[in-house]
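Colleague: Sharing a structure with you now.
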Amino acid sequence: MDARLLEKLNGFLSLQKKLRDATDPQQIGRILCTDSQSLLAFDACLFFSGSQLQLAAASNVSTVDPTSSEAQRWRGKIRRHFAEAREQPPLQIPLDTANDASSEPTSGDGGRTLALLPLTKNNGDVLGCLALLRARPLTPQEQEIFREIGATLCHALLAQRGQKQGHWKKWFGRRPLIVAAAIAAFCVIPVRQSVLAPATLAAIEPRIVSARTDGVIRTIHIPANAAVRSGDPLFTLEDAEVLAEVDRVQQEISLYSERLRMTRQYNFQQASAGHKLAEAETDLSIRTLELAFQQAQLDKTRVRAPATGVAIYTDRAEWIGRRVRAGEKVMEVVQPDARQIQIDLPTRDAIQLPQNARVMFYAESDPLAPIEGRLHYHSLLTSEGEKLPASYRLLAHIQQDRPQIQLNTRGHARVYGARVPLIFYLLRRPLASARRWVGI
């Protein structure tokens, strides 16, 4: 075998070994531009990387600055002739004709040849371009060696980037369809519909304690939130007028009792006085009935506990001296352990709720300790408060109570409805607002 040919073969194998040991594309370019000089005689070798053809390496140079004026000049020449070089690689251009009319000729370029070899993959994607600057054109044998060097460089770059890059690039080429399909699939994901509404931890069937007659509260016998037994006195209304009436009627009863006694004695002396005896008995009966009525009125001023439990009211100072009407609520007697979640669901947030819908109550005083419950009552009538919009009243049984949360604690409850597509869950409120504005 020819010694010169064997030397070139050994040089080519050594070049391939160095390329396999390279760790990044910049190192691959530096190795190729420097070590390929033993295979091809050239003045300079330049490697332009990527589809944008940025200068990445040059022969006998450790680092290059792609933003320098010299690098931009050579990049402009490569880009002007890159399309033509792809049709007939490698393309050899005399530098006398490589300069455009828009660029001034550079001293030292005349009489030399610029050989361009585009680096592409099988699917046509551009990996870069390899450029040789030499004094004379490439011979056919040198052109073949140049192609082999380019193929080796492409193989090294693909091995460095990974063979799956082209596969993923095909997918990214269909990105609009993939994104549209992903959005459509994401929008139809079923999610559980829920709504958040103001709620209160209320008592179950509280016993209302109200005034039995019109009057002014004189005394409250128990402190707020005190335990009471059935029949214990709770509060007393002002009873001075009633006591005065009772005293007056009692005096009249004493008077008419004496009158009845005297009439009976007189009836024994004169038989014609019988009608006076009937009148005296009638007057005494009327006064007796009136006394029973006044005593009943006096009993109404003394209100007692209707059941055993805890008496709840606002403040003693707020009620003492306050005039109340018959039937006006003053306090409640509740069972501390009999509690439920009372929810005021605004009509604008109303959703379709299944039976025994799940409810989570979050107290304002302890939001990290939610109370779980199940819905058991849904009012079909709406009510309006001073600061609340029209809302439905919902009641839920407690399944997992938190004893540390006190009765009548306010908070918010999340009520879970049926599963709906995610797009409906996200656009329900905007669509409702748009419908009100459009008027449909």
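For the structure tokens, the naming scheme is as follows: chains receive sequential letters (A, B, ...) according to their order of presentation, residues are indexed from 1 within each chain, and ligands are indexed from 1 in presentation order.
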Which residues are near Ser391 of chain A? Cut-off 10 Å, only C-alpha atoms, ignore same chain within fewer than 4 positions. Put them as a list in words.
Modeller: Ala197, Ile343, Asp344, Leu345, Pro346, Thr347, Arg348, Asp349, Ala350, Ser379, Leu380, Leu381, Thr382, Ser383, Glu384 and Gly385 of chain A
Colleague: Quick one: residues within 6 Å of segment 366-374 of chain A, only C-alpha atoms, excluding same-chain residues fewer than 4 positions away - as a VMD selection string?
Modeller: chain A and resid 356 to 362 396 to 401
Colleague: When DSSP works through the backbone of this structure, what residues of segment 233-353 of chain A end up as helix (DSSP H, G or I), shown as a count of residues only?
Modeller: 67
Colleague: Applying 8 Å and only C-alpha atoms, which residues near Val303 of chain A remain after dropping the ones on its own chain fewer than 3 positions away? List them as a list in words.
Modeller: Ala211, Arg212, Pro233, Leu234, Phe235, Thr236, Asp299 and Lys300 of chain A
Colleague: Extract, using only C-alpha atoms, all DNA, RNA and protein residues at most 6 Å from segment 216-218 of chain A, discarding same-chain residues fewer than 2 positions from it, and format them as a compact mmCIF listing (two decimals) with C-alpha atoms, in the first residue's frame.
Modeller:
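Once written, part_0.txt looks like this:
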```
# COMPACT_ATOMS: atom_id res chain seq x y z
CA THR A 236 -88.41 39.10 84.52
CA LEU A 237 -90.41 41.96 82.97
CA GLU A 238 -91.38 45.08 84.86
CA ILE A 320 -82.09 45.25 80.76
CA GLY A 321 -84.43 48.26 80.49
CA ARG A 322 -85.36 47.46 76.90
CA ARG A 323 -89.04 47.38 75.92
```
Colleague: Counting only C-alpha atoms, what is within 12 Å of segment 148-155 of chain A, bar same-chain residues fewer than 5 positions away, as a VMD selection string?
Modeller: chain A and resid 9 11 to 20 22 25 to 33 35 to 40 45 47 to 50 89 to 90 116 to 122 125 to 132 141 to 143 160 to 163
Colleague: Between A:Gln54, A:Asn408, A:Asn225, A:Gln251, which is the closest to Pro66 of chain A once you count only C-alpha atoms?
Modeller: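 Smallest separation from Pro66 of chain A among the options: A:Gln54.
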Colleague: So, counting only C-alpha atoms, which residue among A:Leu95, A:Val61, A:Ala185, A:Ala227 is closest to Trp74 of chain A?
Modeller: A:Leu95
Colleague: Would you list the contacts of Ser210 of chain A as a PyMOL selection string, taking every protein, DNA or RNA residue within 9 Å and counting only C-alpha atoms, but skipping same-chain residues closer than 6 positions in sequence?
Modeller: chain A and resi 303+325-332
Colleague: Next, the residues of the selection above should be written as a tab-separated table (two decimals), in the first residue's frame with C-alpha atoms.
Modeller:
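Listing of selection-v8.tsv after writing:
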```tsv
chain	number	residue	atom	x	y	z
A	303	VAL	CA	-90.12	33.80	81.98
A	325	ARG	CA	-93.28	43.13	72.51
A	326	ALA	CA	-95.13	39.88	73.04
A	327	GLY	CA	-93.44	37.13	71.00
A	328	GLU	CA	-90.16	39.03	70.51
A	329	LYS	CA	-87.12	36.74	70.77
A	330	VAL	CA	-84.84	37.43	73.72
A	331	MET	CA	-82.67	34.32	73.98
A	332	GLU	CA	-82.35	30.68	72.94
```
Colleague: Find the distance between atom CA of Ala44 of chain A and atom CA of Asn60 of chain A and write it in Å to one decimal.
Modeller: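 Those two atoms sit 8.3 Å apart.
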Colleague: To one decimal place in Å, what is the distance between atom CA of Ile93 of chain A and atom CA of Leu114 of chain A?
Modeller: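 Result for atom CA of Ile93 of chain A versus atom CA of Leu114 of chain A: 5.1 Å, one decimal.
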Colleague: What are the DSSP strand (DSSP E) residues of segment 30-160 of chain A, as number ranges by chain?
Modeller: A: 44-49, 54-58, 91-94, 113-120, 126-134
Colleague: Tell me which protein, DNA and RNA residues are within 6 Å of Leu394 of chain A, counting only C-alpha atoms, leaving out same-chain ones fewer than 6 positions away, and put them as a PyMOL selection string.
Modeller: chain A and resi 342-343+377-378
Colleague: Those residues with N, CA and C atoms, as a PDB file, in the first residue's frame please?
Modeller:
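So the final result, stored in again-v3.pdb, reads:
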```
ATOM      1  N   GLN A 342     -75.225  25.637  58.740  1.00  0.00           N
ATOM      2  CA  GLN A 342     -76.260  26.444  58.091  1.00  0.00           C
ATOM      3  C   GLN A 342     -75.599  27.307  57.018  1.00  0.00           C
ATOM      4  N   ILE A 343     -76.041  27.141  55.775  1.00  0.00           N
ATOM      5  CA  ILE A 343     -75.389  27.780  54.622  1.00  0.00           C
ATOM      6  C   ILE A 343     -76.391  28.693  53.943  1.00  0.00           C
ATOM      7  N   TYR A 377     -80.908  19.386  53.644  1.00  0.00           N
ATOM      8  CA  TYR A 377     -82.052  20.285  53.436  1.00  0.00           C
ATOM      9  C   TYR A 377     -81.640  21.367  52.462  1.00  0.00           C
ATOM     10  N   HIS A 378     -82.513  21.615  51.470  1.00  0.00           N
ATOM     11  CA  HIS A 378     -82.284  22.654  50.461  1.00  0.00           C
ATOM     12  C   HIS A 378     -83.590  23.417  50.301  1.00  0.00           C
TER      13      HIS A 378
END
```
